>>> print(open('structure_2.txt').read())   # compact mmCIF, C-alpha atoms
# COMPACT_ATOMS: atom_id res chain seq x y z
CA MET A 65 39.50 -103.94 -41.52
CA SER A 66 39.44 -106.12 -44.62
CA GLY A 67 38.38 -104.03 -47.58
CA THR A 68 36.99 -104.54 -51.04
CA SER A 69 40.47 -105.02 -52.47
CA LEU A 70 40.73 -108.34 -50.57
CA ASP A 71 44.46 -107.84 -50.14
CA GLY A 72 44.51 -108.53 -46.41
CA VAL A 73 43.48 -107.54 -42.91
CA ASP A 74 44.72 -104.43 -41.09
CA ALA A 75 44.41 -104.10 -37.32
CA VAL A 76 45.17 -100.98 -35.30
CA LEU A 77 45.14 -100.20 -31.60
CA VAL A 78 43.78 -96.70 -31.07
CA ASP A 79 43.79 -94.47 -28.00
CA PHE A 80 40.92 -91.97 -27.99
CA GLU A 81 41.83 -90.30 -24.69
CA THR A 82 44.13 -87.85 -26.48
CA SER A 83 43.01 -84.68 -28.27
CA ARG A 84 43.24 -86.55 -31.57
CA PRO A 85 43.02 -90.35 -32.00
CA LEU A 86 46.45 -91.87 -31.46
CA VAL A 87 47.42 -95.13 -33.18
CA LEU A 88 49.50 -97.14 -30.71
CA GLY A 89 50.16 -100.09 -33.01
CA HIS A 90 49.40 -101.59 -36.39
CA CYS A 91 49.75 -105.07 -37.84
CA SER A 92 48.52 -106.69 -41.01
CA ALA A 93 48.17 -110.10 -42.60
CA GLY A 94 47.37 -111.29 -46.08
CA LEU A 95 44.26 -113.35 -46.70
CA PRO A 96 45.01 -117.06 -47.15
CA PRO A 97 44.64 -117.78 -50.90
CA ALA A 98 41.80 -120.28 -50.39
CA LEU A 99 39.81 -117.81 -48.27
CA LYS A 100 40.43 -114.98 -50.73
CA ALA A 101 39.21 -117.17 -53.59
CA GLU A 102 36.10 -118.14 -51.64
CA LEU A 103 35.29 -114.53 -50.74
CA LEU A 104 35.71 -113.50 -54.38
CA ALA A 105 33.46 -116.35 -55.48
CA LEU A 106 30.78 -115.28 -52.98
CA ASN A 107 30.55 -111.85 -54.64
CA ALA A 108 28.29 -113.59 -57.18
CA PRO A 109 25.69 -116.37 -56.88
CA VAL A 110 27.34 -119.75 -56.34
CA ASP A 111 26.20 -123.24 -55.39
CA ASN A 112 25.52 -123.84 -51.70
CA GLU A 113 26.36 -120.24 -50.92
CA LEU A 114 24.69 -120.08 -47.49
CA HIS A 115 26.87 -122.91 -46.21
CA ARG A 116 30.00 -121.55 -47.89
CA ALA A 117 29.37 -118.01 -46.63
CA ALA A 118 28.92 -119.20 -43.03
CA LEU A 119 32.21 -121.11 -43.07
CA ALA A 120 34.04 -118.24 -44.77
CA ALA A 121 32.74 -115.91 -42.07
CA ASN A 122 34.11 -118.20 -39.36
CA ALA A 123 37.49 -118.37 -41.09
CA LEU A 124 37.57 -114.58 -41.38
CA ALA A 125 36.72 -114.17 -37.68
CA ARG A 126 39.61 -116.47 -36.76
CA LEU A 127 41.94 -114.38 -38.91
CA TYR A 128 40.66 -111.23 -37.19
CA ALA A 129 41.19 -112.81 -33.78
CA ASN A 130 44.76 -113.74 -34.66
CA GLN A 131 45.44 -110.14 -35.66
CA VAL A 132 43.92 -108.81 -32.43
CA THR A 133 46.07 -111.20 -30.38
CA GLN A 134 49.22 -110.32 -32.31
CA LEU A 135 48.54 -106.60 -32.00
CA LEU A 136 47.99 -106.75 -28.23
CA ILE A 137 51.19 -108.75 -27.73
CA GLN A 138 53.08 -106.32 -29.96
CA CYS A 139 51.82 -103.35 -27.92
CA GLY A 140 52.07 -105.02 -24.50
CA VAL A 141 48.41 -104.31 -23.76
CA PRO A 142 46.04 -106.82 -22.09
CA ALA A 143 42.66 -107.62 -23.61
CA SER A 144 41.03 -106.26 -20.44
CA ALA A 145 42.21 -102.76 -21.39
CA ILE A 146 40.29 -102.72 -24.67
CA LEU A 147 36.87 -101.10 -24.84
CA SER A 148 35.86 -102.90 -28.02
CA VAL A 149 36.96 -104.41 -31.30
CA GLY A 150 35.36 -102.80 -34.33
CA ALA A 151 35.09 -105.53 -36.98
CA HIS A 152 33.69 -104.43 -40.32
CA GLY A 153 33.60 -107.84 -41.97
CA GLN A 154 34.04 -108.56 -45.68
CA THR A 155 31.56 -107.05 -48.11
CA VAL A 156 30.33 -109.63 -50.62
CA ARG A 157 27.13 -107.94 -51.82
CA HIS A 158 26.12 -104.28 -51.77
CA ARG A 159 22.71 -103.55 -53.29
CA PRO A 160 21.06 -100.66 -51.39
CA HIS A 161 17.62 -99.49 -52.62
CA GLU A 162 17.38 -102.36 -55.12
CA PHE A 163 14.77 -105.11 -55.57
CA ASP A 164 12.24 -104.09 -52.87
CA GLY A 165 13.09 -100.41 -52.39
CA THR A 166 15.28 -101.07 -49.34
CA GLY A 167 17.80 -103.50 -50.76
CA TYR A 168 20.60 -104.83 -48.63
CA THR A 169 24.31 -104.82 -47.90
CA LEU A 170 26.08 -107.95 -46.73
CA GLN A 171 29.36 -108.14 -44.87
CA LEU A 172 30.50 -111.66 -44.02
CA ASN A 173 31.60 -111.85 -40.40
CA SER A 174 31.14 -113.95 -37.28
CA PRO A 175 31.25 -111.34 -34.51
CA ALA A 176 29.96 -113.76 -31.87
CA LEU A 177 32.86 -116.10 -32.61
CA LEU A 178 35.28 -113.16 -32.60
CA ALA A 179 34.04 -112.07 -29.16
CA GLU A 180 34.49 -115.62 -27.87
CA LEU A 181 38.01 -115.91 -29.27
CA CYS A 182 39.21 -112.51 -28.10
CA GLY A 183 37.29 -112.12 -24.84
CA ILE A 184 36.61 -108.52 -25.90
CA THR A 185 33.33 -106.78 -26.76
CA VAL A 186 32.87 -106.66 -30.53
CA VAL A 187 30.99 -104.11 -32.60
CA ALA A 188 30.01 -105.25 -36.10
CA ASP A 189 27.33 -104.88 -38.81
CA PHE A 190 27.88 -101.15 -39.25
CA ARG A 191 26.09 -100.67 -42.57
CA SER A 192 22.69 -102.36 -42.37
CA ARG A 193 21.00 -99.79 -40.08
CA ASP A 194 21.80 -96.98 -42.50
CA VAL A 195 20.36 -99.03 -45.39
CA ALA A 196 17.25 -99.74 -43.32
CA ALA A 197 16.89 -95.98 -42.82
CA GLY A 198 16.88 -95.43 -46.57
CA GLY A 199 20.60 -94.78 -46.96
CA GLN A 200 23.32 -96.18 -49.15
CA GLY A 201 25.13 -97.76 -46.19
CA ALA A 202 28.33 -96.30 -47.62
CA PRO A 203 30.64 -94.60 -47.34
CA LEU A 204 30.70 -94.58 -43.53
CA VAL A 205 34.15 -93.07 -43.01
CA PRO A 206 33.48 -89.37 -43.84
CA PRO A 207 32.54 -88.42 -40.23
CA PHE A 208 35.84 -89.91 -39.07
CA HIS A 209 37.70 -88.08 -41.84
CA GLN A 210 36.12 -84.88 -40.56
CA ALA A 211 37.07 -85.62 -36.96
CA PHE A 212 40.68 -86.49 -37.78
CA PHE A 213 41.63 -84.45 -40.86
CA GLY A 214 39.21 -81.51 -40.80
CA ARG A 215 40.62 -77.98 -40.57
CA SER A 216 38.92 -74.71 -39.70
CA ASP A 217 40.93 -72.62 -42.16
CA GLN A 218 41.06 -74.69 -45.35
CA THR A 219 39.00 -76.92 -47.60
CA LEU A 220 40.62 -80.27 -48.18
CA ALA A 221 39.49 -83.67 -49.37
CA VAL A 222 40.31 -87.22 -48.30
CA LEU A 223 40.31 -89.92 -50.97
CA ASN A 224 40.34 -93.58 -50.02
CA ILE A 225 41.46 -95.87 -52.84
CA GLY A 226 40.81 -99.45 -51.84
CA GLY A 227 39.04 -101.91 -54.12
CA ILE A 228 36.47 -99.15 -54.59
CA SER A 229 37.29 -95.46 -54.16
CA ASN A 230 35.41 -92.95 -52.03
CA ILE A 231 35.95 -89.27 -51.33
CA THR A 232 35.16 -86.90 -48.46
CA VAL A 233 35.17 -83.11 -48.85
CA LEU A 234 35.98 -81.19 -45.67
CA ASP A 235 34.84 -77.61 -46.24
CA PRO A 236 34.72 -75.48 -43.07
CA ALA A 237 32.33 -73.08 -44.81
CA SER A 238 29.75 -75.80 -45.48
CA THR A 239 27.11 -76.92 -43.00
CA GLU A 240 26.87 -80.35 -44.61
CA LEU A 241 29.57 -82.98 -44.99
CA ILE A 242 29.96 -84.39 -48.50
CA GLY A 243 31.15 -87.94 -49.11
CA PHE A 244 30.40 -90.62 -51.69
CA ASP A 245 31.85 -93.48 -53.72
CA CYS A 246 33.72 -92.44 -56.86
CA GLY A 247 33.89 -95.79 -58.65
CA PRO A 248 36.56 -98.47 -59.01
CA GLY A 249 39.76 -98.09 -57.06
CA ASN A 250 42.19 -101.00 -57.23
CA ALA A 251 39.71 -103.82 -57.88
CA LEU A 252 39.78 -103.80 -61.68
CA MET A 253 43.51 -103.10 -61.88
CA ASP A 254 44.31 -105.92 -59.46
CA ALA A 255 42.09 -108.43 -61.26
CA TRP A 256 43.57 -107.56 -64.67
CA CYS A 257 47.11 -107.69 -63.31
CA GLN A 258 46.51 -111.10 -61.68
CA THR A 259 45.08 -112.51 -64.90
CA HIS A 260 47.82 -111.28 -67.20
CA THR A 261 50.97 -111.25 -65.04
CA GLY A 262 50.22 -113.67 -62.23
CA GLN A 263 50.92 -110.90 -59.71
CA ALA A 264 48.24 -109.94 -57.17
CA PHE A 265 48.68 -106.24 -57.92
CA ASP A 266 50.70 -103.83 -60.03
CA ASP A 267 53.44 -102.89 -57.56
CA GLY A 268 53.89 -99.12 -57.67
CA GLY A 269 51.91 -99.01 -60.90
CA THR A 270 55.05 -99.78 -62.92
CA TRP A 271 53.23 -102.06 -65.37
CA ALA A 272 50.50 -99.47 -66.05
CA ALA A 273 53.12 -96.73 -66.40
CA SER A 274 54.72 -98.68 -69.26
CA GLY A 275 51.48 -98.86 -71.25
CA HIS A 276 49.52 -96.36 -73.30
CA ILE A 277 46.12 -95.01 -72.31
CA GLN A 278 43.49 -95.98 -74.87
CA THR A 279 41.17 -92.97 -75.02
CA SER A 280 38.31 -94.75 -76.80
CA LEU A 281 38.26 -97.51 -74.21
CA LEU A 282 38.58 -94.99 -71.38
CA GLN A 283 35.57 -93.07 -72.67
CA ARG A 284 33.56 -96.27 -72.99
CA LEU A 285 34.35 -97.10 -69.36
CA LEU A 286 33.48 -93.58 -68.19
CA ASP A 287 30.16 -93.73 -70.05
CA ASP A 288 28.79 -96.08 -67.38
CA PRO A 289 25.73 -94.37 -65.81
CA PHE A 290 27.23 -94.66 -62.31
CA PHE A 291 29.76 -91.92 -62.99
CA ALA A 292 27.09 -89.39 -64.01
CA LYS A 293 24.84 -90.21 -61.07
CA PRO A 294 24.78 -87.46 -58.42
CA PRO A 295 25.56 -88.28 -54.78
CA PRO A 296 24.58 -89.81 -52.44
CA LYS A 297 25.86 -92.92 -54.19
CA SER A 298 27.81 -96.06 -53.46
CA THR A 299 29.03 -99.04 -55.42
CA GLY A 300 31.08 -102.22 -55.19
CA ARG A 301 32.14 -105.38 -56.97
CA ASP A 302 28.47 -105.96 -57.81
CA LEU A 303 29.03 -103.46 -60.63
CA PHE A 304 32.75 -102.97 -61.14
CA ASN A 305 34.01 -106.49 -61.68
CA PRO A 306 35.85 -108.43 -64.43
CA THR A 307 32.56 -109.24 -66.20
CA TRP A 308 31.78 -105.52 -66.45
CA LEU A 309 35.23 -104.87 -67.86
CA THR A 310 34.98 -107.72 -70.37
CA SER A 311 31.73 -106.26 -71.69
CA LYS A 312 33.60 -103.05 -72.52
CA LEU A 313 36.44 -104.92 -74.25
CA VAL A 314 34.30 -106.83 -76.77
CA SER A 315 35.12 -104.50 -79.65
CA THR A 316 38.72 -103.85 -78.60
CA SER A 317 40.27 -107.30 -78.80
CA ALA A 318 43.38 -105.85 -80.44
CA LEU A 319 44.34 -104.01 -77.26
CA THR A 320 47.41 -105.27 -75.43
CA PRO A 321 47.05 -106.20 -71.74
CA ILE A 322 49.53 -103.51 -70.71
CA ASP A 323 47.51 -100.80 -72.48
CA VAL A 324 44.34 -101.99 -70.76
CA GLN A 325 46.15 -101.74 -67.42
CA ALA A 326 47.25 -98.19 -68.22
CA THR A 327 43.67 -97.32 -69.14
CA LEU A 328 42.27 -98.85 -65.94
CA ALA A 329 44.69 -96.77 -63.87
CA GLU A 330 43.52 -93.69 -65.76
CA LEU A 331 39.89 -94.66 -65.15
CA THR A 332 40.50 -94.66 -61.40
CA ALA A 333 42.42 -91.37 -61.52
CA ILE A 334 39.92 -89.55 -63.74
CA SER A 335 36.80 -90.80 -61.95
CA CYS A 336 38.26 -89.73 -58.60
CA ALA A 337 39.37 -86.35 -59.94
CA ASN A 338 36.00 -85.75 -61.60
CA SER A 339 34.25 -86.62 -58.35
CA LEU A 340 36.21 -83.96 -56.48
CA LEU A 341 35.82 -81.34 -59.18
CA SER A 342 32.06 -81.93 -59.37
CA VAL A 343 31.47 -80.96 -55.74
CA ALA A 344 34.51 -78.90 -54.67
CA PRO A 345 36.37 -77.35 -57.63
CA HIS A 346 37.93 -74.87 -55.18
CA CYS A 347 39.65 -77.61 -53.15
CA THR A 348 43.43 -77.20 -53.16
CA GLU A 349 44.54 -80.21 -51.10
CA LEU A 350 43.79 -83.91 -51.51
CA LYS A 351 44.98 -86.52 -49.02
CA VAL A 352 44.99 -90.10 -50.31
CA CYS A 353 44.75 -93.28 -48.23
CA GLY A 354 44.28 -96.97 -48.90
CA GLY A 355 46.47 -99.17 -51.05
CA GLY A 356 46.12 -96.76 -53.97
CA ALA A 357 48.25 -94.23 -52.10
CA LEU A 358 51.20 -96.61 -52.57
CA ASN A 359 50.71 -96.75 -56.34
CA ARG A 360 53.17 -94.12 -57.56
CA HIS A 361 51.83 -94.09 -61.10
CA LEU A 362 48.25 -93.65 -59.90
CA MET A 363 49.26 -90.77 -57.64
CA THR A 364 51.04 -89.14 -60.58
CA ARG A 365 47.93 -89.48 -62.76
CA LEU A 366 45.75 -88.05 -59.99
CA GLN A 367 48.04 -85.04 -59.74
CA ALA A 368 47.93 -84.59 -63.52
CA ALA A 369 44.13 -84.62 -63.43
CA LEU A 370 44.07 -82.08 -60.57
CA PRO A 371 46.69 -79.46 -61.52
CA ASN A 372 45.34 -76.89 -59.05
CA CYS A 373 45.26 -79.30 -56.12
CA THR A 374 48.15 -80.76 -54.13
CA VAL A 375 47.88 -84.56 -54.04
CA ALA A 376 49.69 -86.33 -51.19
CA SER A 377 49.41 -89.32 -48.85
CA THR A 378 47.50 -89.05 -45.58
CA ALA A 379 50.87 -89.80 -43.94
CA ASP A 380 51.57 -86.10 -44.45
CA ALA A 381 48.60 -85.39 -42.18
CA GLY A 382 49.68 -87.78 -39.44
CA LEU A 383 48.05 -91.09 -40.35
CA PRO A 384 49.71 -93.61 -42.73
CA PRO A 385 47.47 -94.63 -45.64
CA LEU A 386 47.14 -98.28 -44.59
CA GLN A 387 45.94 -97.32 -41.11
CA VAL A 388 43.14 -94.92 -42.00
CA GLU A 389 40.29 -97.37 -42.67
CA ALA A 390 40.99 -99.54 -39.62
CA THR A 391 41.26 -96.44 -37.43
CA ALA A 392 37.95 -95.22 -38.85
CA PHE A 393 36.17 -98.40 -37.81
CA ALA A 394 37.74 -98.22 -34.36
CA TRP A 395 36.23 -94.72 -34.18
CA LEU A 396 32.87 -96.00 -35.43
CA ALA A 397 32.89 -98.81 -32.85
CA ARG A 398 33.56 -96.30 -30.09
CA GLN A 399 30.64 -94.18 -31.31
CA THR A 400 28.41 -97.25 -31.07
CA ILE A 401 29.56 -98.13 -27.56
CA LEU A 402 28.98 -94.52 -26.45
CA GLY A 403 25.52 -94.44 -28.04
CA LYS A 404 26.46 -91.73 -30.52
CA THR A 405 25.31 -91.42 -34.12
CA SER A 406 27.87 -91.85 -36.87
CA SER A 407 25.89 -91.74 -40.11
CA LEU A 408 24.94 -88.55 -41.91
CA LYS A 409 21.97 -87.90 -44.19
CA SER A 410 24.12 -85.65 -46.39
CA VAL A 411 26.53 -88.54 -47.06
CA THR A 412 24.41 -91.69 -47.34
CA GLY A 413 20.99 -90.21 -48.06
CA ALA A 414 19.36 -91.90 -45.05
CA THR A 415 16.35 -90.26 -43.46
CA GLY A 416 18.52 -89.17 -40.55
CA ALA A 417 21.55 -89.85 -38.42
CA ARG A 418 21.66 -93.29 -36.81
CA ILE A 419 23.69 -95.18 -34.23
CA LEU A 420 25.41 -97.82 -36.34
CA GLY A 421 26.56 -101.29 -35.44
CA ALA A 422 25.50 -104.26 -33.31
CA ILE A 423 27.26 -104.97 -29.99
CA TYR A 424 28.42 -108.44 -28.96
CA PRO A 425 29.51 -108.20 -25.30
CA ALA A 426 32.62 -110.05 -24.16
>>> encode(input="structure_2.txt", output="structure tokens")
Amino acid sequence: MSGTSLDGVDAVLVDFETSRPLVLGHCSAGLPPALKAELLALNAPVDNELHRAALAANALARLYANQVTQLLIQCGVPASAILSVGAHGQTVRHRPHEFDGTGYTLQLNSPALLAELCGITVVADFRSRDVAAGGQGAPLVPPFHQAFFGRSDQTLAVLNIGGISNITVLDPASTELIGFDCGPGNALMDAWCQTHTGQAFDDGGTWAASGHIQTSLLQRLLDDPFFAKPPPKSTGRDLFNPTWLTSKLVSTSALTPIDVQATLAELTAISCANSLLSVAPHCTELKVCGGGALNRHLMTRLQAALPNCTVASTADAGLPPLQVEATAFAWLARQTILGKTSSLKSVTGATGARILGAIYPA
């Protein structure tokens, strides 16, 4: 899995023969700076983008293949023992329902090359079938959240804070699963931090914690129509990007960079908290995964915004926060191989459940 935050690639080896998915190994690698820069550039129209996108996809597939090889060596498992590799690819555009009524979602990937390099069946292109069926194509992880974290005696929620944040509500009393994108996760904070400190991210949120939240700016950010839109809904860097942020800062040039960072952290915390409260105000437990779970300041602000809900890492529920998304796409790949549906109308708004993903045999 390489997510919207563009901070690296996570690979997990998962055994599904146990009563609950068991992660046997995990490894990660950062994106080479040149590839990260190219993937960021491809989030917007650029010159010669078809050629550049194809080469970036090949480079990403090689990085994936290296991680698969490293993981199998680390775990002492031969490639012949693996049912499939689930490879999500890197989202560079996400525009469901737009332009022609169907829209599109685009994840750069070269699954054919990955299958050749690994000698393992690859499942990829998970989102496009849901979009074709009238859905948002995101989030896709709520059914996995339900399978892994769901409880029969308690309502809880799972919040993934990657570049974009998304939430899943697991209510045993409800017949429909609820899950949707909340808004920006780390993407805006990371971009602002890189620009003003030279660091790729605000480690632990210490920089944001030293600033002051600017309430007028925060309100201007929260006034974006996306936040008031009811689910199903999804978003990405197409909306929440540095250009969007700059447009909100035009009349606030006197703000210091550290105060903007503090306000961006609060934007993520408040938008996530509001998302949960809008659909499950009775929820008393929130499990957080993704890189945001490692941001101590952000976790503190989430807890402050949800005083009646216990906020903790998914590690407390048996799955470390940096392994959840990769494990989810292993689960989704297995669903595809087994011919089982893994999208839900209640989550994405599609006309019905669909088998997701395209299979590239070894």
>>> atom_distance(input="structure_2.txt", atom1="atom CA of Arg84 of chain A", atom2="atom CA of Ala211 of chain A")
8.2 Å
>>> closest_residue(input="structure_2.txt", among="A:Leu340, A:Leu77, A:Cys347, A:Leu70", to="Pro142 of chain A", atoms="only C-alpha atoms")
A:Leu77
>>> atom_distance(input="structure_2.txt", atom1="atom CA of Asp254 of chain A", atom2="atom CA of Leu362 of chain A")
12.9 Å
>>> residues_around(input="structure_2.txt", residues="Gly150 of chain A", least_positions_apart="5", cutoff="7 Å", atoms="all atoms listed in the file", output="PyMOL selection string")
chain A and resi 186-188+393-394+397
>>> write_last_selection(input="structure_2.txt", atoms="C-alpha atoms", output="PDB file, in the coordinates of the input")
ATOM      1  CA  VAL A 186      32.870-106.660 -30.530  1.00  0.00           C
ATOM      2  CA  VAL A 187      30.990-104.110 -32.600  1.00  0.00           C
ATOM      3  CA  ALA A 188      30.010-105.250 -36.100  1.00  0.00           C
ATOM      4  CA  PHE A 393      36.170 -98.400 -37.810  1.00  0.00           C
ATOM      5  CA  ALA A 394      37.740 -98.220 -34.360  1.00  0.00           C
ATOM      6  CA  ALA A 397      32.890 -98.810 -32.850  1.00  0.00           C
TER       7      ALA A 397
END
>>> axis_aligned_box(input="structure_2.txt", around="segment 89-95 of chain A", padding_each_side="8 Å", output="JSON")
{"center_x": 47.2, "center_y": -106.7, "center_z": -39.9, "size_x": 21.9, "size_y": 29.3, "size_z": 29.7}
>>> closest_residue(input="structure_2.txt", among="A:Gly165, A:Pro175, A:Gly67, A:Pro207", to="Val195 of chain A", atoms="all atoms listed in the file")
A:Gly165
>>> atom_distance(input="structure_2.txt", atom1="atom CA of Asn305 of chain A", atom2="atom CA of Ser335 of chain A")
15.9 Å
>>> residues_around(input="structure_2.txt", residues="Asp267 of chain A", least_positions_apart="6", cutoff="10 Å", atoms="only C-alpha atoms", output="number ranges by chain")
A: 254, 257, 358-361
>>> decode(input="structure_2.txt", residues="segment 98-111 of chain A", atoms="N, CA and C atoms", output="short mmCIF file (atom, residue, chain, number, x, y, z; two decimals), in the first residue's frame")
data_model
loop_
_atom_site.label_atom_id
_atom_site.label_comp_id
_atom_site.auth_asym_id
_atom_site.auth_seq_id
_atom_site.Cartn_x
_atom_site.Cartn_y
_atom_site.Cartn_z
N ALA A 98 12.76 11.52 -6.16
CA ALA A 98 12.39 11.86 -7.54
C ALA A 98 11.04 11.26 -7.91
N LEU A 99 10.76 10.03 -7.44
CA LEU A 99 9.47 9.41 -7.74
C LEU A 99 8.36 10.11 -6.98
N LYS A 100 8.62 10.46 -5.72
CA LYS A 100 7.61 11.19 -4.94
C LYS A 100 7.27 12.51 -5.62
N ALA A 101 8.28 13.23 -6.08
CA ALA A 101 8.05 14.51 -6.74
C ALA A 101 7.24 14.33 -8.03
N GLU A 102 7.53 13.27 -8.76
CA GLU A 102 6.80 13.01 -10.01
C GLU A 102 5.35 12.65 -9.72
N LEU A 103 5.11 11.83 -8.70
CA LEU A 103 3.75 11.45 -8.35
C LEU A 103 2.95 12.66 -7.87
N LEU A 104 3.59 13.53 -7.11
CA LEU A 104 2.91 14.77 -6.68
C LEU A 104 2.59 15.64 -7.88
N ALA A 105 3.53 15.74 -8.81
CA ALA A 105 3.30 16.57 -10.00
C ALA A 105 2.13 16.03 -10.82
N LEU A 106 1.99 14.71 -10.87
CA LEU A 106 0.95 14.09 -11.69
C LEU A 106 -0.43 14.18 -11.06
N ASN A 107 -0.53 14.76 -9.86
CA ASN A 107 -1.84 15.02 -9.27
C ASN A 107 -2.55 16.18 -9.97
N ALA A 108 -1.84 16.90 -10.82
CA ALA A 108 -2.42 18.00 -11.58
C ALA A 108 -1.93 17.89 -13.03
N PRO A 109 -2.62 18.53 -13.97
CA PRO A 109 -2.18 18.45 -15.36
C PRO A 109 -0.75 18.95 -15.54
N VAL A 110 0.05 18.16 -16.24
CA VAL A 110 1.44 18.51 -16.52
C VAL A 110 1.75 18.16 -17.98
N ASP A 111 2.85 18.68 -18.48
CA ASP A 111 3.26 18.37 -19.85
C ASP A 111 3.63 16.89 -19.98
#
